[in-house]
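Source file: work-v8.tsv (TSV, C-alpha atoms)
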chain	number	residue	atom	x	y	z
A	1	THR	CA	-11.07	6.12	33.99
A	2	THR	CA	-10.02	7.34	30.54
A	3	LEU	CA	-12.42	7.98	27.68
A	4	HIS	CA	-11.19	7.21	24.17
A	5	ARG	CA	-13.04	7.88	20.92
A	6	SER	CA	-12.78	5.16	18.32
A	7	HIS	CA	-12.66	5.85	14.57
A	8	TYR	CA	-14.44	2.61	13.74
A	9	SER	CA	-17.98	2.99	12.39
A	10	THR	CA	-21.01	1.53	14.16
A	11	THR	CA	-23.63	-0.81	12.77
A	12	SER	CA	-27.31	-1.14	13.65
A	13	ASN	CA	-28.07	-3.28	16.71
A	14	ASN	CA	-24.37	-3.64	17.39
A	15	THR	CA	-22.56	-1.27	19.73
A	16	LYS	CA	-19.55	-3.46	20.36
A	17	LEU	CA	-16.13	-2.23	19.36
A	18	GLN	CA	-14.78	-3.65	16.12
A	19	ARG	CA	-11.45	-4.71	17.54
A	20	ASN	CA	-8.22	-4.95	15.65
A	21	THR	CA	-7.59	-8.62	14.80
A	22	ARG	CA	-3.98	-8.31	15.90
A	23	THR	CA	-4.93	-7.09	19.39
A	24	ARG	CA	-6.04	-9.37	22.20
A	25	LEU	CA	-7.79	-7.55	25.03
A	26	ASP	CA	-9.37	-9.02	28.13
A	27	ARG	CA	-13.07	-8.20	28.43
A	28	GLN	CA	-12.40	-6.55	31.77
A	29	THR	CA	-10.00	-4.05	30.17
A	30	CYS	CA	-12.50	-1.82	28.40
A	31	ILE	CA	-16.19	-1.30	27.67
A	32	ALA	CA	-17.40	0.07	24.33
A	33	TYR	CA	-20.63	1.96	23.76
A	34	SER	CA	-22.18	4.24	21.16
A	35	ILE	CA	-23.25	7.90	21.38
A	36	ASN	CA	-24.42	9.92	18.38
A	37	GLN	CA	-23.08	7.41	15.83
A	38	HIS	CA	-19.59	7.36	17.37
A	39	GLN	CA	-17.88	4.58	19.27
A	40	TYR	CA	-16.31	5.26	22.65
A	41	ILE	CA	-14.18	3.15	24.95
A	42	ILE	CA	-14.09	3.41	28.72
A	43	MET	CA	-10.68	2.25	29.98
A	44	SER	CA	-10.74	0.43	33.26
A	45	PRO	CA	-8.57	2.01	35.98
A	46	ASN	CA	-7.21	-1.50	36.63
A	47	ALA	CA	-5.86	-1.84	33.09
A	48	THR	CA	-2.13	-2.35	32.79
A	49	ALA	CA	0.11	0.01	30.84
A	50	HIS	CA	0.43	-2.60	28.08
A	51	GLU	CA	-3.35	-2.94	27.79
A	52	ALA	CA	-3.69	0.85	27.66
A	53	ASP	CA	-1.18	0.99	24.81
A	54	GLN	CA	-3.18	-1.66	22.93
A	55	VAL	CA	-6.40	0.32	23.25
A	56	ASN	CA	-4.63	3.50	22.16
A	57	ALA	CA	-3.33	1.65	19.11
A	58	ILE	CA	-6.91	0.79	18.18
A	59	THR	CA	-8.28	4.29	18.64
A	60	MET	CA	-5.42	6.14	16.95
A	61	SER	CA	-5.96	6.68	13.22
A	62	THR	CA	-3.08	7.41	10.87
A	63	LYS	CA	-5.24	7.03	7.81
A	64	GLU	CA	-6.67	9.81	5.71
A	65	ASP	CA	-9.23	7.42	4.25
A	66	LYS	CA	-12.08	5.94	6.28
A	67	SER	CA	-11.97	2.58	4.53
A	68	LYS	CA	-10.67	-0.01	6.97
A	69	ASN	CA	-8.72	-1.73	4.19
A	70	THR	CA	-6.99	1.41	2.90
A	71	TYR	CA	-3.83	2.88	4.40
A	72	ILE	CA	-2.62	6.27	3.16
A	73	SER	CA	0.71	7.40	4.51
A	74	THR	CA	0.90	10.71	6.36
A	75	HIS	CA	4.64	10.56	7.05
A	76	PRO	CA	6.33	13.91	6.23
A	77	VAL	CA	9.58	12.33	5.00
A	78	LEU	CA	7.67	10.06	2.63
A	79	ALA	CA	5.65	13.03	1.36
A	80	HIS	CA	8.92	14.88	0.70
A	81	LYS	CA	10.37	11.96	-1.27
A	82	ILE	CA	7.17	11.43	-3.25
A	83	SER	CA	7.23	15.09	-4.29
A	84	ILE	CA	10.75	14.70	-5.68
A	85	LEU	CA	9.72	11.47	-7.41
A	86	ARG	CA	6.77	13.16	-9.12
A	87	SER	CA	8.77	16.12	-10.39
A	88	SER	CA	9.42	15.95	-14.14
A	89	THR	CA	12.95	17.26	-13.52
A	90	THR	CA	14.00	14.16	-11.57
A	91	PRO	CA	16.50	12.09	-13.64
A	92	PRO	CA	16.07	8.30	-14.04
A	93	SER	CA	18.88	7.42	-11.61
A	94	LEU	CA	17.31	9.39	-8.77
A	95	PHE	CA	13.82	8.23	-9.81
A	96	ARG	CA	14.89	4.58	-9.42
A	97	ALA	CA	16.47	5.21	-6.02
A	98	LEU	CA	13.43	7.08	-4.72
A	99	MET	CA	11.04	4.45	-6.05
A	100	ARG	CA	12.92	1.81	-4.09
A	101	GLU	CA	13.00	3.85	-0.87
A	102	ILE	CA	9.32	4.81	-1.06
A	103	THR	CA	8.24	1.27	-1.89
A	104	TYR	CA	10.20	-0.12	1.06
A	105	SER	CA	8.41	2.26	3.45
A	106	LEU	CA	5.00	1.43	1.99
A	107	ALA	CA	5.73	-2.30	1.97
A	108	TYR	CA	6.70	-2.14	5.65
A	109	GLU	CA	3.15	-0.95	6.41
A	110	ALA	CA	1.53	-3.30	3.90
A	111	THR	CA	3.12	-6.36	5.49
A	112	SER	CA	2.06	-5.45	9.03
A	113	THR	CA	-0.98	-7.75	8.86
A	114	LEU	CA	0.89	-10.90	7.86
A	115	LEU	CA	0.26	-13.86	10.13
A	116	THR	CA	3.01	-15.49	12.16
A	117	LYS	CA	3.47	-18.71	14.07
A	118	SER	CA	5.46	-19.35	17.23
A	119	ILE	CA	8.82	-21.07	17.02
A	120	GLU	CA	11.43	-22.07	19.58
A	121	LEU	CA	14.79	-20.34	19.48
A	122	SER	CA	18.08	-20.99	21.19
A	123	VAL	CA	19.72	-17.71	22.26
A	124	GLN	CA	23.22	-17.56	23.67
A	125	ARG	CA	23.72	-15.48	26.79
A	126	ARG	CA	27.13	-15.36	28.49
A	127	GLY	CA	28.07	-18.77	27.16
A	128	VAL	CA	24.74	-20.33	28.10
A	129	CYS	CA	22.04	-21.24	25.56
A	130	VAL	CA	18.56	-20.17	26.59
A	131	GLU	CA	15.38	-21.46	24.95
A	132	VAL	CA	12.99	-18.63	24.01
A	133	GLU	CA	9.91	-18.19	21.85
A	134	GLY	CA	10.11	-16.39	18.52
A	135	SER	CA	7.92	-15.74	15.48
A	136	LYS	CA	7.99	-16.89	11.88
A	137	LEU	CA	5.90	-15.82	8.89
A	138	GLN	CA	3.46	-18.60	8.12
A	139	GLU	CA	1.80	-17.39	4.90
A	140	LYS	CA	3.07	-18.11	1.39
A	141	ILE	CA	3.55	-14.77	-0.37
A	142	ALA	CA	3.42	-13.82	-4.04
A	143	ILE	CA	4.69	-10.53	-5.42
A	144	VAL	CA	2.89	-9.48	-8.61
A	145	PRO	CA	4.47	-6.47	-10.37
A	146	ILE	CA	2.61	-4.92	-13.29
A	147	LEU	CA	5.05	-4.27	-16.15
A	148	ARG	CA	6.90	-2.07	-16.68
A	149	GLY	CA	6.50	0.32	-13.78
A	150	GLY	CA	6.17	-2.41	-11.16
A	151	LEU	CA	9.71	-3.59	-11.89
A	152	GLY	CA	11.08	-0.63	-9.94
A	153	MET	CA	9.25	-1.81	-6.81
A	154	ILE	CA	10.29	-5.48	-6.72
A	155	ASP	CA	13.66	-5.16	-4.97
A	156	ALA	CA	12.17	-3.30	-2.01
A	157	LEU	CA	9.58	-6.05	-1.46
A	158	LEU	CA	12.20	-8.78	-1.79
A	159	GLU	CA	14.33	-7.10	0.86
A	160	LEU	CA	11.45	-7.50	3.29
A	161	LEU	CA	10.22	-10.84	1.93
A	162	PRO	CA	13.22	-12.67	0.44
A	163	ASN	CA	11.35	-15.99	0.21
A	164	ALA	CA	8.39	-14.60	-1.74
A	165	CYS	CA	7.66	-15.72	-5.30
A	166	VAL	CA	7.54	-13.11	-8.08
A	167	HIS	CA	4.94	-13.46	-10.84
A	168	HIS	CA	5.05	-10.76	-13.54
A	169	ILE	CA	1.96	-9.51	-15.38
A	170	GLY	CA	2.32	-7.30	-18.45
A	171	MET	CA	-0.46	-4.85	-19.30
A	172	TYR	CA	-0.85	-2.03	-21.78
A	173	THR	CA	-3.71	0.36	-22.51
A	174	ASN	CA	-5.40	0.23	-25.90
A	175	LYS	CA	-7.05	3.60	-26.55
A	176	ASP	CA	-9.90	4.09	-28.99
A	177	LYS	CA	-10.72	7.18	-31.09
A	178	GLU	CA	-12.55	8.79	-28.17
A	179	GLY	CA	-9.49	8.36	-25.95
A	180	ASN	CA	-11.03	5.68	-23.75
A	181	GLY	CA	-8.49	3.12	-22.60
A	182	THR	CA	-8.98	-0.64	-22.43
A	183	PRO	CA	-6.39	-2.72	-20.52
A	184	VAL	CA	-4.84	-5.52	-22.57
A	185	GLN	CA	-2.74	-8.33	-21.13
A	186	TYR	CA	0.39	-9.25	-23.08
A	187	TYR	CA	2.35	-11.23	-20.47
A	188	ASN	CA	1.34	-13.48	-17.58
A	189	LYS	CA	3.64	-15.62	-15.43
A	190	LEU	CA	1.09	-16.77	-12.88
A	191	PRO	CA	1.48	-20.52	-12.36
A	192	ARG	CA	-1.50	-22.68	-13.20
A	193	LYS	CA	-2.00	-23.73	-9.59
A	194	CYS	CA	-2.19	-21.09	-6.90
A	195	GLU	CA	-0.13	-22.04	-3.85
A	196	SER	CA	0.08	-18.53	-2.37
A	197	ASP	CA	-1.94	-17.25	0.58
A	198	ILE	CA	-1.52	-13.56	-0.22
A	199	ALA	CA	-0.51	-11.57	-3.30
A	200	TYR	CA	0.99	-8.08	-3.30
A	201	ILE	CA	0.25	-6.20	-6.53
A	202	LEU	CA	2.88	-3.58	-7.37
A	203	ASP	CA	2.05	-0.61	-9.58
A	204	PRO	CA	3.56	2.86	-9.08
A	205	ALA	CA	0.39	4.78	-9.95
A	206	ILE	CA	-3.35	4.20	-10.27
A	207	SER	CA	-5.30	6.58	-12.48
A	208	SER	CA	-8.59	5.21	-13.83
A	209	ALA	CA	-7.90	1.87	-12.10
A	210	ASN	CA	-8.83	-0.06	-15.26
A	211	THR	CA	-5.53	-1.96	-15.25
A	212	MET	CA	-5.62	-2.62	-11.51
A	213	MET	CA	-9.21	-3.85	-11.68
A	214	SER	CA	-8.22	-6.31	-14.41
A	215	VAL	CA	-5.24	-7.65	-12.45
A	216	ILE	CA	-7.30	-8.01	-9.28
A	217	GLY	CA	-9.84	-10.00	-11.30
A	218	MET	CA	-7.06	-12.25	-12.63
A	219	LEU	CA	-5.73	-12.96	-9.16
A	220	LYS	CA	-9.15	-13.75	-7.75
A	221	LYS	CA	-9.77	-16.14	-10.63
A	222	TRP	CA	-6.33	-17.62	-9.98
A	223	GLY	CA	-7.51	-18.45	-6.46
A	224	VAL	CA	-5.42	-16.38	-4.05
A	225	SER	CA	-7.40	-15.66	-0.89
A	226	LYS	CA	-5.84	-12.29	0.05
A	227	ILE	CA	-4.86	-9.42	-2.24
A	228	HIS	CA	-2.96	-6.29	-1.24
A	229	VAL	CA	-2.25	-3.40	-3.62
A	230	VAL	CA	0.89	-1.30	-3.05
A	231	THR	CA	1.15	1.95	-5.02
A	232	VAL	CA	2.85	5.31	-4.69
A	233	ALA	CA	0.07	7.56	-5.99
A	234	ALA	CA	-3.59	7.02	-6.84
A	235	SER	CA	-6.40	9.20	-8.07
A	236	SER	CA	-9.34	9.57	-5.70
A	237	ALA	CA	-11.67	8.25	-8.42
A	238	GLY	CA	-9.51	5.20	-9.11
A	239	LEU	CA	-9.14	4.42	-5.43
A	240	LYS	CA	-12.89	4.67	-4.94
A	241	ARG	CA	-13.50	2.24	-7.82
A	242	ILE	CA	-11.28	-0.37	-6.21
A	243	GLN	CA	-12.87	0.11	-2.79
A	244	GLU	CA	-16.41	-0.23	-4.14
A	245	ALA	CA	-15.77	-3.13	-6.51
A	246	HIS	CA	-13.38	-5.05	-4.25
A	247	PRO	CA	-13.96	-4.10	-0.59
A	248	ASP	CA	-11.95	-7.15	0.49
A	249	VAL	CA	-8.78	-5.92	-1.23
A	250	HIS	CA	-6.30	-3.98	0.90
A	251	VAL	CA	-4.59	-0.89	-0.51
A	252	THR	CA	-1.45	0.82	0.79
A	253	LEU	CA	-0.42	4.04	-0.95
A	254	GLY	CA	1.73	7.09	-0.47
A	255	THR	CA	-0.61	9.85	-1.63
A	256	VAL	CA	-3.97	10.55	-3.26
A	257	VAL	CA	-3.87	12.89	-6.26
A	258	ASP	CA	-6.91	14.59	-7.76
A	259	ALA	CA	-7.32	15.21	-11.48
A	260	VAL	CA	-6.59	18.70	-12.82
A	261	VAL	CA	-7.67	20.57	-15.95
A	262	ALA	CA	-4.93	20.78	-18.59
A	263	GLU	CA	-4.36	23.70	-20.96
A	264	ASP	CA	-6.41	22.00	-23.67
A	265	GLY	CA	-9.34	21.54	-21.29
A	266	ARG	CA	-8.83	17.82	-20.68
A	267	LEU	CA	-8.86	16.28	-17.23
A	268	VAL	CA	-5.45	14.74	-16.51
A	269	PHE	CA	-4.06	12.75	-13.59
A	270	PRO	CA	-0.80	14.42	-12.46
A	271	GLY	CA	0.61	11.31	-10.86
A	272	ILE	CA	4.24	10.37	-11.41
A	273	GLY	CA	4.40	10.32	-15.22
A	274	ASP	CA	5.16	7.20	-17.26
A	275	ALA	CA	6.90	5.14	-14.59
A	276	GLY	CA	8.39	2.70	-17.08
A	277	ASP	CA	10.01	5.44	-19.16
A	278	ARG	CA	11.24	7.29	-16.11
A	279	LEU	CA	12.71	4.16	-14.52
A	280	PHE	CA	14.70	3.09	-17.57
A	281	GLY	CA	15.35	6.42	-19.28
A	282	THR	CA	13.31	5.65	-22.38
A	283	GLY	CA	11.10	8.17	-24.17
A	284	CYS	CA	13.03	11.12	-22.77
A	285	HIS	CA	16.24	13.07	-23.34
A	286	ALA	CA	19.09	13.37	-20.89
A	287	ILE	CA	19.24	16.64	-18.97
A	288	GLU	CA	22.80	17.96	-18.91
A	289	ASP	CA	22.18	21.53	-17.73
A	290	ASP	CA	22.12	21.62	-13.91
A	291	GLU	CA	20.09	24.84	-13.94
A	292	ALA	CA	17.48	23.22	-16.15
A	293	LEU	CA	16.89	20.63	-13.44
A	294	LEU	CA	15.56	23.36	-11.20
A	295	ARG	CA	13.79	25.47	-13.79
A	296	VAL	CA	11.60	23.19	-15.82
A	297	SER	CA	10.05	26.12	-17.71
A	298	LYS	CA	13.37	26.75	-19.48
A	299	ARG	CA	13.36	23.45	-21.29
A	300	LYS	CA	10.91	21.44	-23.29
A	301	ARG	CA	8.88	19.02	-21.19
A	302	THR	CA	9.50	15.51	-22.43
A	303	MET	CA	7.70	13.54	-19.70
A	304	SER	CA	3.96	13.81	-19.26
A	305	MET	CA	2.59	14.10	-15.76
What does the file become when written as structure tokens?
Amino acid sequence: TTLHRSHYSTTSNNTKLQRNTRTRLDRQTCIAYSINQHQYIIMSPNATAHEADQVNAITMSTKEDKSKNTYISTHPVLAHKISILRSSTTPPSLFRALMREITYSLAYEATSTLLTKSIELSVQRRGVCVEVEGSKLQEKIAIVPILRGGLGMIDALLELLPNACVHHIGMYTNKDKEGNGTPVQYYNKLPRKCESDIAYILDPAISSANTMMSVIGMLKKWGVSKIHVVTVAASSAGLKRIQEAHPDVHVTLGTVVDAVVAEDGRLVFPGIGDAGDRLFGTGCHAIEDDEALLRVSKRKRTMSM
């Protein structure tokens, strides 16, 4: 008998394991119980290897955040690429390539909960056609990039989901004299009638989450039943706002970045800079000196972090 500790939280008067919806386990496979506010699973010695792997998949946690709807990547290669992406010395061409690679990796995780239906396939084997069972995505998917930064993430999603619809939303921040920002919509291509089952919102970075909160509100009013946010970097405060205000919304991100104190005493979010400018080479000057790419202190910083 093997004892596994589950990372799922317990609730009062309920000591049953909160099972992953994608996993089907026979009741004879395992027994869950609670000790000192933690869930444990006793694996039956009669469980098959496949059933053991399923239980291990439930109990293993690859998330840094405890929210069940939030996935934060811990992959070392992705962390390496995100670091290069965030660097103010990274030129637009490399920034675009990295944004696509990182988004593809994040989207692969974000789409892992999509529902499928069984279909019949004819597979050829040594000149003989054999009927087998396959799977097909059954949900209608909408990709919602927030302009302009979200444009650099679209291609990666379309590689995974070529039949998805793309609905652009344009937002900008209107700052008052005190420096407080209010999100303003200037473009919206959502169709009048919602025919999508799930919407993936694309935005490279989340700071205060004001813009993301507005877009989530739009999509809920539009009528989509499932919303999933895909972002490269998010502040801990912004992520917490989304989790508290919209606990039903899923979030997949590459890293969480905390605010730091700037030289003038202001709190700033050192995310990835202005993603729109960095994607399309606007608002910055070309860097021709190869040495300057490595030593940012030797040149004037033209891209805010």
- [ ] Please identify all polymer residues within 7 Å of range 181-185 of chain A, counting all atoms listed in the file, omitting same-chain residues fewer than 5 positions from it, and present them as JSON, numbers by chain.
- [x] {"A": [170, 171, 172, 173, 174, 175, 176, 210, 211]}
Open item on the list: Can you measure CA of Met213 in chain A to CA of Ser88 in chain A for me? One decimal in Å is fine.
Closed with: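 Rounded to one decimal, the two atoms are 27.3 Å apart.
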- [ ] Have a look at A:Thr103, A:Ser214, A:Thr111, A:Ser135 and name the one nearest to Leu161 in chain A; count all atoms listed in the file.
- [x]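 Nearest to Leu161 in chain A: A:Thr111.
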Open item on the list: One number please: CA of Ala233 in chain A to CA of Thr255 in chain A, in Å, one decimal.
Closed with: 5.0 Å
Open item on the list: From the options A:Leu78, A:Ala110, A:Ala237, A:Val166, which residue's atoms come nearest to Val251 in chain A, counting all atoms listed in the file?
Closed with: A:Ala110
Task: Pick from A:Ala107, A:Leu121, A:Leu160, A:Ile198, whichever lies nearest to Ala142 in chain A using only C-alpha atoms - done: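 Smallest distance to Ala142 in chain A is found for A:Ile198.
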- [ ] Tell me, in Å to one decimal, how far CA of Ile82 in chain A is from CA of Ser236 in chain A.
- [x] 16.8 Å
Find the spatial neighbours of Asn69 in chain A, counting all atoms listed in the file, within a cut-off of 7 Å - ignore same-chain residues fewer than 2 positions away - and output them as an mmCIF file with C-alpha atoms, keeping the file's coordinate frame.
data_model
loop_
_atom_site.group_PDB
_atom_site.id
_atom_site.type_symbol
_atom_site.label_atom_id
_atom_site.label_comp_id
_atom_site.auth_asym_id
_atom_site.auth_seq_id
_atom_site.Cartn_x
_atom_site.Cartn_y
_atom_site.Cartn_z
ATOM 1 C CA SER A 67 -11.970 2.580 4.530
ATOM 2 C CA TYR A 71 -3.830 2.880 4.400
ATOM 3 C CA VAL A 249 -8.780 -5.920 -1.230
ATOM 4 C CA HIS A 250 -6.300 -3.980 0.900
ATOM 5 C CA VAL A 251 -4.590 -0.890 -0.510
#
Task: Sphere at (-16.0, -3.5, -6.4), radius 12 Å, counting only C-alpha atoms: residues as JSON, numbers by chain - done: {"A": [209, 210, 212, 213, 214, 216, 217, 238, 239, 240, 241, 242, 243, 244, 245, 246, 247, 248, 249]}
